[in-house]
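A.B. asks: Dropping in structure-v2.cif, with mmCIF, N, CA and C atoms.
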```cif
data_coords
#
loop_
_atom_site.label_atom_id
_atom_site.label_comp_id
_atom_site.auth_asym_id
_atom_site.auth_seq_id
_atom_site.Cartn_x
_atom_site.Cartn_y
_atom_site.Cartn_z
N MET M 1 235.85 99.72 -52.22
CA MET M 1 235.53 98.39 -51.75
C MET M 1 234.55 98.46 -50.59
N ARG M 2 234.77 99.40 -49.67
CA ARG M 2 233.85 99.54 -48.53
C ARG M 2 232.45 99.91 -49.01
N THR M 3 232.38 100.78 -50.01
CA THR M 3 231.08 101.19 -50.54
C THR M 3 230.35 100.00 -51.14
N PHE M 4 231.07 99.18 -51.89
CA PHE M 4 230.46 98.01 -52.49
C PHE M 4 229.92 97.05 -51.42
N LEU M 5 230.72 96.80 -50.36
CA LEU M 5 230.27 95.92 -49.28
C LEU M 5 229.07 96.51 -48.54
N ALA M 6 229.05 97.83 -48.37
CA ALA M 6 227.92 98.47 -47.70
C ALA M 6 226.64 98.31 -48.51
N ILE M 7 226.75 98.45 -49.83
CA ILE M 7 225.58 98.29 -50.69
C ILE M 7 225.09 96.85 -50.67
N VAL M 8 226.00 95.88 -50.73
CA VAL M 8 225.60 94.48 -50.70
C VAL M 8 224.94 94.14 -49.37
N MET M 9 225.49 94.67 -48.26
CA MET M 9 224.90 94.40 -46.95
C MET M 9 223.50 95.04 -46.84
N LEU M 10 223.36 96.23 -47.38
CA LEU M 10 222.06 96.90 -47.37
C LEU M 10 221.03 96.11 -48.16
N LEU M 11 221.41 95.63 -49.33
CA LEU M 11 220.49 94.81 -50.13
C LEU M 11 220.13 93.52 -49.41
N ALA M 12 221.08 92.91 -48.72
CA ALA M 12 220.81 91.67 -48.00
C ALA M 12 219.84 91.93 -46.85
N LEU M 13 220.00 93.06 -46.17
CA LEU M 13 219.10 93.37 -45.06
C LEU M 13 217.69 93.70 -45.56
N MET M 14 217.60 94.35 -46.70
CA MET M 14 216.29 94.69 -47.24
C MET M 14 215.51 93.46 -47.68
N SER M 15 216.20 92.45 -48.15
CA SER M 15 215.51 91.26 -48.62
C SER M 15 215.33 90.22 -47.52
N ALA M 16 215.75 90.54 -46.30
CA ALA M 16 215.62 89.58 -45.19
C ALA M 16 214.14 89.36 -44.88
N PRO M 17 213.72 88.10 -44.69
CA PRO M 17 212.30 87.82 -44.45
C PRO M 17 211.81 88.35 -43.11
N ALA M 18 212.67 88.58 -42.16
CA ALA M 18 212.24 89.07 -40.85
C ALA M 18 211.76 90.51 -40.93
N LEU M 19 212.26 91.27 -41.89
CA LEU M 19 211.87 92.67 -42.00
C LEU M 19 210.63 92.89 -42.85
N VAL M 20 210.27 91.91 -43.63
CA VAL M 20 209.12 92.02 -44.51
C VAL M 20 207.94 91.33 -43.83
N ALA M 21 206.77 92.00 -43.84
CA ALA M 21 205.57 91.41 -43.23
C ALA M 21 205.13 90.21 -44.06
N PRO M 22 204.74 89.14 -43.41
CA PRO M 22 204.30 87.97 -44.17
C PRO M 22 203.02 88.28 -44.95
N ALA M 23 202.91 87.70 -46.12
CA ALA M 23 201.75 87.95 -46.98
C ALA M 23 200.48 87.36 -46.40
N SER M 24 200.63 86.36 -45.54
CA SER M 24 199.44 85.72 -44.99
C SER M 24 198.87 86.45 -43.78
N ALA M 25 199.54 87.50 -43.32
CA ALA M 25 199.02 88.23 -42.16
C ALA M 25 197.75 88.97 -42.55
N ALA M 26 196.67 88.62 -41.90
CA ALA M 26 195.38 89.23 -42.22
C ALA M 26 195.10 90.38 -41.25
N PRO M 27 194.37 91.37 -41.68
CA PRO M 27 194.00 92.45 -40.77
C PRO M 27 193.21 91.91 -39.59
N SER M 28 193.46 92.50 -38.41
CA SER M 28 192.84 91.94 -37.21
C SER M 28 191.68 92.78 -36.68
N ARG M 29 191.50 94.00 -37.13
CA ARG M 29 190.42 94.84 -36.63
C ARG M 29 189.47 95.21 -37.76
N ALA M 30 188.22 95.24 -37.43
CA ALA M 30 187.24 95.73 -38.39
C ALA M 30 187.27 97.26 -38.35
N CYS M 31 187.11 97.88 -39.48
CA CYS M 31 187.07 99.34 -39.55
C CYS M 31 185.65 99.77 -39.16
N LEU M 32 185.53 100.40 -37.99
CA LEU M 32 184.21 100.77 -37.47
C LEU M 32 183.87 102.22 -37.79
N THR M 33 182.59 102.49 -38.00
CA THR M 33 182.14 103.87 -38.12
C THR M 33 182.10 104.47 -36.72
N GLN M 34 181.90 105.77 -36.65
CA GLN M 34 181.89 106.43 -35.35
C GLN M 34 180.75 105.91 -34.47
N SER M 35 179.58 105.70 -35.06
CA SER M 35 178.45 105.22 -34.27
C SER M 35 178.67 103.77 -33.81
N GLU M 36 179.25 102.94 -34.67
CA GLU M 36 179.53 101.55 -34.28
C GLU M 36 180.57 101.49 -33.16
N ALA M 37 181.61 102.34 -33.27
CA ALA M 37 182.64 102.37 -32.23
C ALA M 37 182.09 102.89 -30.91
N ALA M 38 181.17 103.85 -30.96
CA ALA M 38 180.57 104.38 -29.74
C ALA M 38 179.76 103.30 -29.03
N LYS M 39 179.11 102.43 -29.78
CA LYS M 39 178.35 101.33 -29.18
C LYS M 39 179.28 100.27 -28.59
N GLU M 40 180.36 99.97 -29.31
CA GLU M 40 181.26 98.91 -28.85
C GLU M 40 182.13 99.35 -27.68
N TYR M 41 182.60 100.59 -27.72
CA TYR M 41 183.50 101.08 -26.67
C TYR M 41 182.78 102.13 -25.82
N ARG M 42 181.70 101.74 -25.17
CA ARG M 42 180.93 102.68 -24.35
C ARG M 42 181.75 103.25 -23.21
N GLY M 43 181.70 104.60 -23.08
CA GLY M 43 182.38 105.25 -21.97
C GLY M 43 183.86 105.49 -22.18
N LYS M 44 184.43 105.02 -23.28
CA LYS M 44 185.86 105.22 -23.54
C LYS M 44 186.02 106.33 -24.58
N PRO M 45 187.11 107.10 -24.48
CA PRO M 45 187.33 108.14 -25.49
C PRO M 45 187.69 107.50 -26.83
N LEU M 46 187.06 107.99 -27.89
CA LEU M 46 187.27 107.43 -29.22
C LEU M 46 188.32 108.23 -29.99
N LYS M 47 189.05 107.52 -30.82
CA LYS M 47 190.00 108.12 -31.75
C LYS M 47 189.74 107.49 -33.11
N TYR M 48 190.29 108.13 -34.15
CA TYR M 48 190.16 107.51 -35.46
C TYR M 48 191.51 107.52 -36.17
N ARG M 49 191.61 106.63 -37.13
CA ARG M 49 192.80 106.53 -37.97
C ARG M 49 192.32 106.60 -39.41
N GLN M 50 192.88 107.52 -40.18
CA GLN M 50 192.50 107.68 -41.58
C GLN M 50 193.20 106.60 -42.40
N VAL M 51 192.43 105.72 -43.02
CA VAL M 51 192.97 104.67 -43.86
C VAL M 51 192.41 104.89 -45.26
N GLY M 52 193.22 105.50 -46.11
CA GLY M 52 192.73 105.88 -47.44
C GLY M 52 191.73 107.01 -47.29
N SER M 53 190.53 106.81 -47.79
CA SER M 53 189.49 107.83 -47.67
C SER M 53 188.50 107.49 -46.56
N VAL M 54 188.81 106.48 -45.75
CA VAL M 54 187.90 106.00 -44.71
C VAL M 54 188.48 106.31 -43.33
N ARG M 55 187.62 106.73 -42.42
CA ARG M 55 188.02 106.91 -41.03
C ARG M 55 187.63 105.67 -40.24
N CYS M 56 188.61 105.04 -39.61
CA CYS M 56 188.36 103.86 -38.78
C CYS M 56 188.43 104.30 -37.33
N TRP M 57 187.34 104.15 -36.60
CA TRP M 57 187.25 104.60 -35.22
C TRP M 57 187.60 103.47 -34.27
N PHE M 58 188.26 103.80 -33.16
CA PHE M 58 188.69 102.80 -32.18
C PHE M 58 188.87 103.47 -30.84
N ALA M 59 189.15 102.67 -29.82
CA ALA M 59 189.50 103.16 -28.48
C ALA M 59 190.73 102.39 -28.02
N GLY M 60 191.54 103.01 -27.19
CA GLY M 60 192.75 102.33 -26.69
C GLY M 60 193.97 102.72 -27.48
N ARG M 61 194.93 101.79 -27.57
CA ARG M 61 196.20 102.08 -28.26
C ARG M 61 195.94 102.30 -29.75
N THR M 62 196.80 103.10 -30.35
CA THR M 62 196.66 103.41 -31.77
C THR M 62 197.22 102.26 -32.60
N PRO M 63 196.36 101.58 -33.35
CA PRO M 63 196.83 100.46 -34.15
C PRO M 63 197.48 100.94 -35.46
N GLU M 64 198.20 100.05 -36.10
CA GLU M 64 198.78 100.32 -37.42
C GLU M 64 197.65 100.35 -38.45
N LYS M 65 197.89 101.06 -39.52
CA LYS M 65 196.87 101.12 -40.57
C LYS M 65 196.61 99.75 -41.18
N SER M 66 197.63 98.92 -41.22
CA SER M 66 197.48 97.60 -41.83
C SER M 66 196.65 96.66 -40.97
N GLU M 67 196.39 97.03 -39.72
CA GLU M 67 195.58 96.17 -38.84
C GLU M 67 194.10 96.26 -39.15
N PHE M 68 193.67 97.32 -39.83
CA PHE M 68 192.25 97.52 -40.08
C PHE M 68 191.80 96.74 -41.31
N LYS M 69 190.65 96.12 -41.18
CA LYS M 69 190.03 95.42 -42.30
C LYS M 69 188.85 96.28 -42.75
N ILE M 70 188.97 96.85 -43.94
CA ILE M 70 187.93 97.72 -44.46
C ILE M 70 186.99 96.89 -45.30
N VAL M 71 185.73 96.88 -44.91
CA VAL M 71 184.70 96.14 -45.62
C VAL M 71 183.81 97.15 -46.32
N ARG M 72 183.74 97.06 -47.62
CA ARG M 72 182.89 97.96 -48.40
C ARG M 72 181.44 97.53 -48.22
N GLN M 73 180.62 98.46 -47.78
CA GLN M 73 179.21 98.16 -47.59
C GLN M 73 178.46 98.57 -48.84
N THR M 74 177.66 97.67 -49.36
CA THR M 74 176.85 98.01 -50.52
C THR M 74 175.63 98.78 -50.05
N PRO M 75 175.22 99.79 -50.79
CA PRO M 75 174.05 100.55 -50.38
C PRO M 75 172.79 99.69 -50.44
N ALA M 76 171.84 100.04 -49.58
CA ALA M 76 170.59 99.29 -49.54
C ALA M 76 169.85 99.48 -50.87
N PRO M 77 169.14 98.46 -51.31
CA PRO M 77 168.39 98.61 -52.56
C PRO M 77 167.31 99.67 -52.43
N LYS M 78 166.97 100.28 -53.54
CA LYS M 78 165.99 101.36 -53.52
C LYS M 78 164.62 100.88 -53.08
N ALA M 79 164.35 99.62 -53.25
CA ALA M 79 163.06 99.08 -52.82
C ALA M 79 162.93 99.18 -51.30
N ALA M 80 164.04 99.08 -50.58
CA ALA M 80 163.99 99.19 -49.12
C ALA M 80 163.61 100.60 -48.71
N TYR M 81 164.09 101.60 -49.45
CA TYR M 81 163.73 102.98 -49.14
C TYR M 81 162.26 103.24 -49.44
N ALA M 82 161.78 102.65 -50.52
CA ALA M 82 160.39 102.89 -50.91
C ALA M 82 159.43 102.30 -49.88
N SER M 83 159.78 101.16 -49.31
CA SER M 83 158.87 100.54 -48.35
C SER M 83 159.02 101.13 -46.95
N ALA M 84 160.08 101.88 -46.70
CA ALA M 84 160.31 102.41 -45.35
C ALA M 84 159.28 103.46 -44.96
N ALA M 85 158.99 104.38 -45.83
CA ALA M 85 158.05 105.45 -45.50
C ALA M 85 157.12 105.67 -46.69
N PRO M 86 155.91 105.09 -46.63
CA PRO M 86 154.99 105.29 -47.75
C PRO M 86 154.53 106.75 -47.82
N ARG M 87 154.57 107.29 -49.01
CA ARG M 87 154.16 108.67 -49.22
C ARG M 87 152.80 108.69 -49.89
N PRO M 88 152.02 109.72 -49.59
CA PRO M 88 150.74 109.81 -50.29
C PRO M 88 150.99 110.16 -51.75
N PRO M 89 150.14 109.68 -52.63
CA PRO M 89 150.34 109.97 -54.05
C PRO M 89 150.20 111.47 -54.32
N ARG M 90 150.99 111.95 -55.24
CA ARG M 90 150.93 113.36 -55.58
C ARG M 90 149.67 113.63 -56.38
N SER M 91 149.01 114.71 -56.02
CA SER M 91 147.81 115.07 -56.77
C SER M 91 148.15 116.23 -57.69
N ALA M 92 147.54 116.23 -58.83
CA ALA M 92 147.77 117.30 -59.80
C ALA M 92 147.11 118.58 -59.27
N PRO M 93 147.67 119.76 -59.59
CA PRO M 93 147.05 120.99 -59.14
C PRO M 93 145.64 121.13 -59.71
N ALA M 94 144.79 121.76 -58.93
CA ALA M 94 143.38 121.89 -59.33
C ALA M 94 143.25 122.66 -60.65
N ALA M 95 143.98 123.77 -60.78
CA ALA M 95 143.92 124.56 -62.00
C ALA M 95 145.35 124.91 -62.41
N ALA M 96 145.64 124.82 -63.69
CA ALA M 96 146.96 125.18 -64.17
C ALA M 96 147.05 126.70 -64.20
N ASP M 97 147.58 127.28 -63.14
CA ASP M 97 147.64 128.73 -63.02
C ASP M 97 149.08 129.13 -62.74
N ASP M 98 149.70 129.84 -63.65
CA ASP M 98 151.10 130.23 -63.50
C ASP M 98 151.30 131.33 -62.46
N LEU M 99 150.23 132.01 -62.06
CA LEU M 99 150.37 133.13 -61.14
C LEU M 99 150.18 132.74 -59.68
N VAL M 100 149.80 131.49 -59.42
CA VAL M 100 149.59 131.04 -58.05
C VAL M 100 150.91 131.06 -57.31
N GLY M 101 150.96 131.67 -56.13
CA GLY M 101 152.16 131.71 -55.32
C GLY M 101 153.02 132.94 -55.56
N LEU M 102 152.66 133.74 -56.57
CA LEU M 102 153.46 134.93 -56.84
C LEU M 102 152.95 136.16 -56.11
N ALA M 103 151.79 136.10 -55.53
CA ALA M 103 151.25 137.26 -54.83
C ALA M 103 152.17 137.64 -53.68
N GLY M 104 152.53 138.90 -53.61
CA GLY M 104 153.38 139.37 -52.54
C GLY M 104 154.86 139.31 -52.87
N THR M 105 155.23 138.63 -53.95
CA THR M 105 156.65 138.56 -54.29
C THR M 105 157.03 139.61 -55.31
N LEU M 106 156.07 140.06 -56.11
CA LEU M 106 156.37 141.04 -57.15
C LEU M 106 155.96 142.45 -56.76
N CYS M 107 155.06 142.59 -55.83
CA CYS M 107 154.55 143.91 -55.44
C CYS M 107 154.86 144.17 -53.97
N ALA M 108 155.07 145.43 -53.65
CA ALA M 108 155.31 145.77 -52.25
C ALA M 108 154.01 145.76 -51.47
N GLY M 109 152.95 146.20 -52.08
CA GLY M 109 151.64 146.23 -51.42
C GLY M 109 150.75 145.16 -51.99
N PRO M 110 149.44 145.39 -51.94
CA PRO M 110 148.53 144.41 -52.53
C PRO M 110 148.71 144.37 -54.05
N CYS M 111 148.81 143.19 -54.59
CA CYS M 111 149.04 143.03 -56.02
C CYS M 111 147.74 143.05 -56.79
N GLU M 112 147.87 143.53 -58.02
CA GLU M 112 146.73 143.54 -58.92
C GLU M 112 146.62 142.17 -59.56
N ASP M 113 145.43 141.62 -59.62
CA ASP M 113 145.23 140.32 -60.25
C ASP M 113 145.27 140.51 -61.76
N LEU M 114 146.35 140.04 -62.38
CA LEU M 114 146.54 140.27 -63.80
C LEU M 114 145.56 139.46 -64.66
N ARG M 115 144.90 138.51 -64.09
CA ARG M 115 143.93 137.74 -64.85
C ARG M 115 142.68 138.54 -65.15
N THR M 116 142.46 139.60 -64.35
CA THR M 116 141.26 140.42 -64.55
C THR M 116 141.53 141.63 -65.45
N VAL M 117 142.76 141.88 -65.83
CA VAL M 117 143.12 143.02 -66.67
C VAL M 117 142.94 142.64 -68.14
N ASP M 118 142.45 143.60 -68.93
CA ASP M 118 142.23 143.40 -70.36
C ASP M 118 143.55 143.06 -71.05
N PRO M 119 143.60 142.05 -71.91
CA PRO M 119 144.84 141.67 -72.58
C PRO M 119 145.47 142.81 -73.39
N GLN M 120 144.67 143.71 -73.95
CA GLN M 120 145.23 144.83 -74.71
C GLN M 120 145.96 145.80 -73.79
N VAL M 121 145.42 146.01 -72.58
CA VAL M 121 146.07 146.88 -71.60
C VAL M 121 147.39 146.25 -71.15
N LEU M 122 147.39 144.93 -70.97
CA LEU M 122 148.62 144.23 -70.59
C LEU M 122 149.68 144.36 -71.68
N ALA M 123 149.26 144.25 -72.95
CA ALA M 123 150.21 144.38 -74.06
C ALA M 123 150.79 145.79 -74.10
N ALA M 124 149.96 146.81 -73.84
CA ALA M 124 150.45 148.20 -73.83
C ALA M 124 151.44 148.40 -72.68
N ARG M 125 151.15 147.82 -71.51
CA ARG M 125 152.07 147.93 -70.36
C ARG M 125 153.40 147.27 -70.67
N LEU M 126 153.36 146.11 -71.33
CA LEU M 126 154.58 145.40 -71.69
C LEU M 126 155.42 146.24 -72.66
N GLU M 127 154.76 146.85 -73.65
CA GLU M 127 155.47 147.68 -74.62
C GLU M 127 156.10 148.90 -73.95
N THR M 128 155.41 149.51 -72.99
CA THR M 128 155.94 150.66 -72.26
C THR M 128 157.15 150.24 -71.41
N ALA M 129 157.06 149.11 -70.74
CA ALA M 129 158.16 148.63 -69.91
C ALA M 129 159.38 148.31 -70.78
N HIS M 130 159.14 147.72 -71.93
CA HIS M 130 160.23 147.39 -72.84
C HIS M 130 160.92 148.65 -73.35
N ALA M 131 160.14 149.66 -73.72
CA ALA M 131 160.71 150.92 -74.21
C ALA M 131 161.53 151.60 -73.11
N ALA M 132 161.04 151.58 -71.87
CA ALA M 132 161.77 152.19 -70.75
C ALA M 132 163.09 151.45 -70.51
N PHE M 133 163.06 150.14 -70.63
CA PHE M 133 164.26 149.34 -70.46
C PHE M 133 165.31 149.69 -71.52
N ILE M 134 164.90 149.76 -72.77
CA ILE M 134 165.82 150.09 -73.87
C ILE M 134 166.37 151.51 -73.68
N GLU M 135 165.51 152.45 -73.30
CA GLU M 135 165.96 153.83 -73.08
C GLU M 135 167.01 153.90 -71.97
N TYR M 136 166.80 153.16 -70.90
CA TYR M 136 167.76 153.15 -69.79
C TYR M 136 169.12 152.65 -70.26
N TRP M 137 169.15 151.53 -70.97
CA TRP M 137 170.43 150.97 -71.39
C TRP M 137 171.12 151.82 -72.45
N LEU M 138 170.36 152.47 -73.31
CA LEU M 138 170.99 153.36 -74.29
C LEU M 138 171.57 154.59 -73.61
N SER M 139 170.89 155.11 -72.58
CA SER M 139 171.45 156.27 -71.87
C SER M 139 172.69 155.86 -71.09
N PHE M 140 172.70 154.69 -70.58
CA PHE M 140 173.88 154.17 -69.88
C PHE M 140 175.04 154.06 -70.85
N TYR M 141 174.77 153.54 -72.03
CA TYR M 141 175.81 153.39 -73.04
C TYR M 141 176.34 154.75 -73.47
N ASP M 142 175.45 155.74 -73.65
CA ASP M 142 175.88 157.08 -74.06
C ASP M 142 176.78 157.72 -73.02
N ARG M 143 176.50 157.48 -71.74
CA ARG M 143 177.32 158.08 -70.69
C ARG M 143 178.70 157.44 -70.59
N TRP M 144 178.80 156.14 -70.79
CA TRP M 144 180.04 155.43 -70.50
C TRP M 144 180.81 154.98 -71.73
N ALA M 145 180.26 155.15 -72.89
CA ALA M 145 180.95 154.70 -74.11
C ALA M 145 182.12 155.64 -74.41
N LEU M 146 183.20 155.10 -74.83
CA LEU M 146 184.37 155.90 -75.21
C LEU M 146 184.19 156.35 -76.65
N ARG M 147 184.14 157.63 -76.82
CA ARG M 147 183.95 158.14 -78.20
C ARG M 147 185.10 159.02 -78.56
#
```
Can I see the file as structure tokens?
C.D. replies:
Amino acid sequence: MRTFLAIVMLLALMSAPALVAPASAAPSRACLTQSEAAKEYRGKPLKYRQVGSVRCWFAGRTPEKSEFKIVRQTPAPKAAYASAAPRPPRSAPAAADDLVGLAGTLCAGPCEDLRTVDPQVLAARLETAHAAFIEYWLSFYDRWALR
């Protein structure tokens, strides 16, 4: 009987209107960014309260999370970014050259200009490099393969 009365009393206290926040209570503080709070509370130490995924910055006593009013800011339209800093139009490269900018990255010393080398010599060099590559990997396989 005591257990039953305790449960009924607990349910009555939980449904009491004094313990439940009224639905009409509106948030009283705007959720400020760190820069906005620094401007508003100059010279005071700032703190923040994490409300969901947003940090609300403030100074003074620590408010309840329900006191913050989070306003979603829509990003500025892309037209605003375009007019903010005009860029010069991009110009096409003077000559379509795949080797421009590679000098010094492939060779330790001065690089040979491959545009001046005979295409047949380049083909022979490529074939030699390919054969050396295959020979290296086959020798590696012979050393480490389980037979």
A.B. asks: Written as a PDB file with N, CA and C atoms, in the frame of the given file, what is the full residue list that the PyMOL selection byres ((chain M and resi 57) around 6.5) yields on the file shown?
C.D. replies:
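Ended up saving to expr_30.pdb:
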```
ATOM      1  N   CYS M  31     187.110  97.880 -39.480  1.00  0.00           N
ATOM      2  CA  CYS M  31     187.070  99.340 -39.550  1.00  0.00           C
ATOM      3  C   CYS M  31     185.650  99.770 -39.160  1.00  0.00           C
ATOM      4  N   LEU M  32     185.530 100.400 -37.990  1.00  0.00           N
ATOM      5  CA  LEU M  32     184.210 100.770 -37.470  1.00  0.00           C
ATOM      6  C   LEU M  32     183.870 102.220 -37.790  1.00  0.00           C
ATOM      7  N   THR M  33     182.590 102.490 -38.000  1.00  0.00           N
ATOM      8  CA  THR M  33     182.140 103.870 -38.120  1.00  0.00           C
ATOM      9  C   THR M  33     182.100 104.470 -36.720  1.00  0.00           C
ATOM     10  N   GLN M  34     181.900 105.770 -36.650  1.00  0.00           N
ATOM     11  CA  GLN M  34     181.890 106.430 -35.350  1.00  0.00           C
ATOM     12  C   GLN M  34     180.750 105.910 -34.470  1.00  0.00           C
ATOM     13  N   ALA M  37     181.610 102.340 -33.270  1.00  0.00           N
ATOM     14  CA  ALA M  37     182.640 102.370 -32.230  1.00  0.00           C
ATOM     15  C   ALA M  37     182.090 102.890 -30.910  1.00  0.00           C
ATOM     16  N   LEU M  46     187.060 107.990 -27.890  1.00  0.00           N
ATOM     17  CA  LEU M  46     187.270 107.430 -29.220  1.00  0.00           C
ATOM     18  C   LEU M  46     188.320 108.230 -29.990  1.00  0.00           C
ATOM     19  N   LYS M  47     189.050 107.520 -30.820  1.00  0.00           N
ATOM     20  CA  LYS M  47     190.000 108.120 -31.750  1.00  0.00           C
ATOM     21  C   LYS M  47     189.740 107.490 -33.110  1.00  0.00           C
ATOM     22  N   TYR M  48     190.290 108.130 -34.150  1.00  0.00           N
ATOM     23  CA  TYR M  48     190.160 107.510 -35.460  1.00  0.00           C
ATOM     24  C   TYR M  48     191.510 107.520 -36.170  1.00  0.00           C
ATOM     25  N   ARG M  49     191.610 106.630 -37.130  1.00  0.00           N
ATOM     26  CA  ARG M  49     192.800 106.530 -37.970  1.00  0.00           C
ATOM     27  C   ARG M  49     192.320 106.600 -39.410  1.00  0.00           C
ATOM     28  N   ARG M  55     187.620 106.730 -42.420  1.00  0.00           N
ATOM     29  CA  ARG M  55     188.020 106.910 -41.030  1.00  0.00           C
ATOM     30  C   ARG M  55     187.630 105.670 -40.240  1.00  0.00           C
ATOM     31  N   CYS M  56     188.610 105.040 -39.610  1.00  0.00           N
ATOM     32  CA  CYS M  56     188.360 103.860 -38.780  1.00  0.00           C
ATOM     33  C   CYS M  56     188.430 104.300 -37.330  1.00  0.00           C
ATOM     34  N   PHE M  58     188.260 103.800 -33.160  1.00  0.00           N
ATOM     35  CA  PHE M  58     188.690 102.800 -32.180  1.00  0.00           C
ATOM     36  C   PHE M  58     188.870 103.470 -30.840  1.00  0.00           C
ATOM     37  N   ALA M  59     189.150 102.670 -29.820  1.00  0.00           N
ATOM     38  CA  ALA M  59     189.500 103.160 -28.480  1.00  0.00           C
ATOM     39  C   ALA M  59     190.730 102.390 -28.020  1.00  0.00           C
TER      40      ALA M  59
END
```
A.B. asks: Report, in Å to a single decimal, how far apart atom CA of Ser139 of chain M and atom N of Ala124 of chain M are.
C.D. replies: 23.6 Å
A.B. asks: Find the distance between atom CA of Glu40 of chain M and atom C of Ser28 of chain M and write it in Å to one decimal.
C.D. replies: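 Distance between the two atoms: 14.4 Å.
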A.B. asks: Using the chain letters and residue numbers of this document, give as a VMD selection string the residues selected by the PyMOL selection byres ((chain M and resi 65) around 8).
C.D. replies: chain M and resid 27 49 to 52 62 to 64 66 to 69
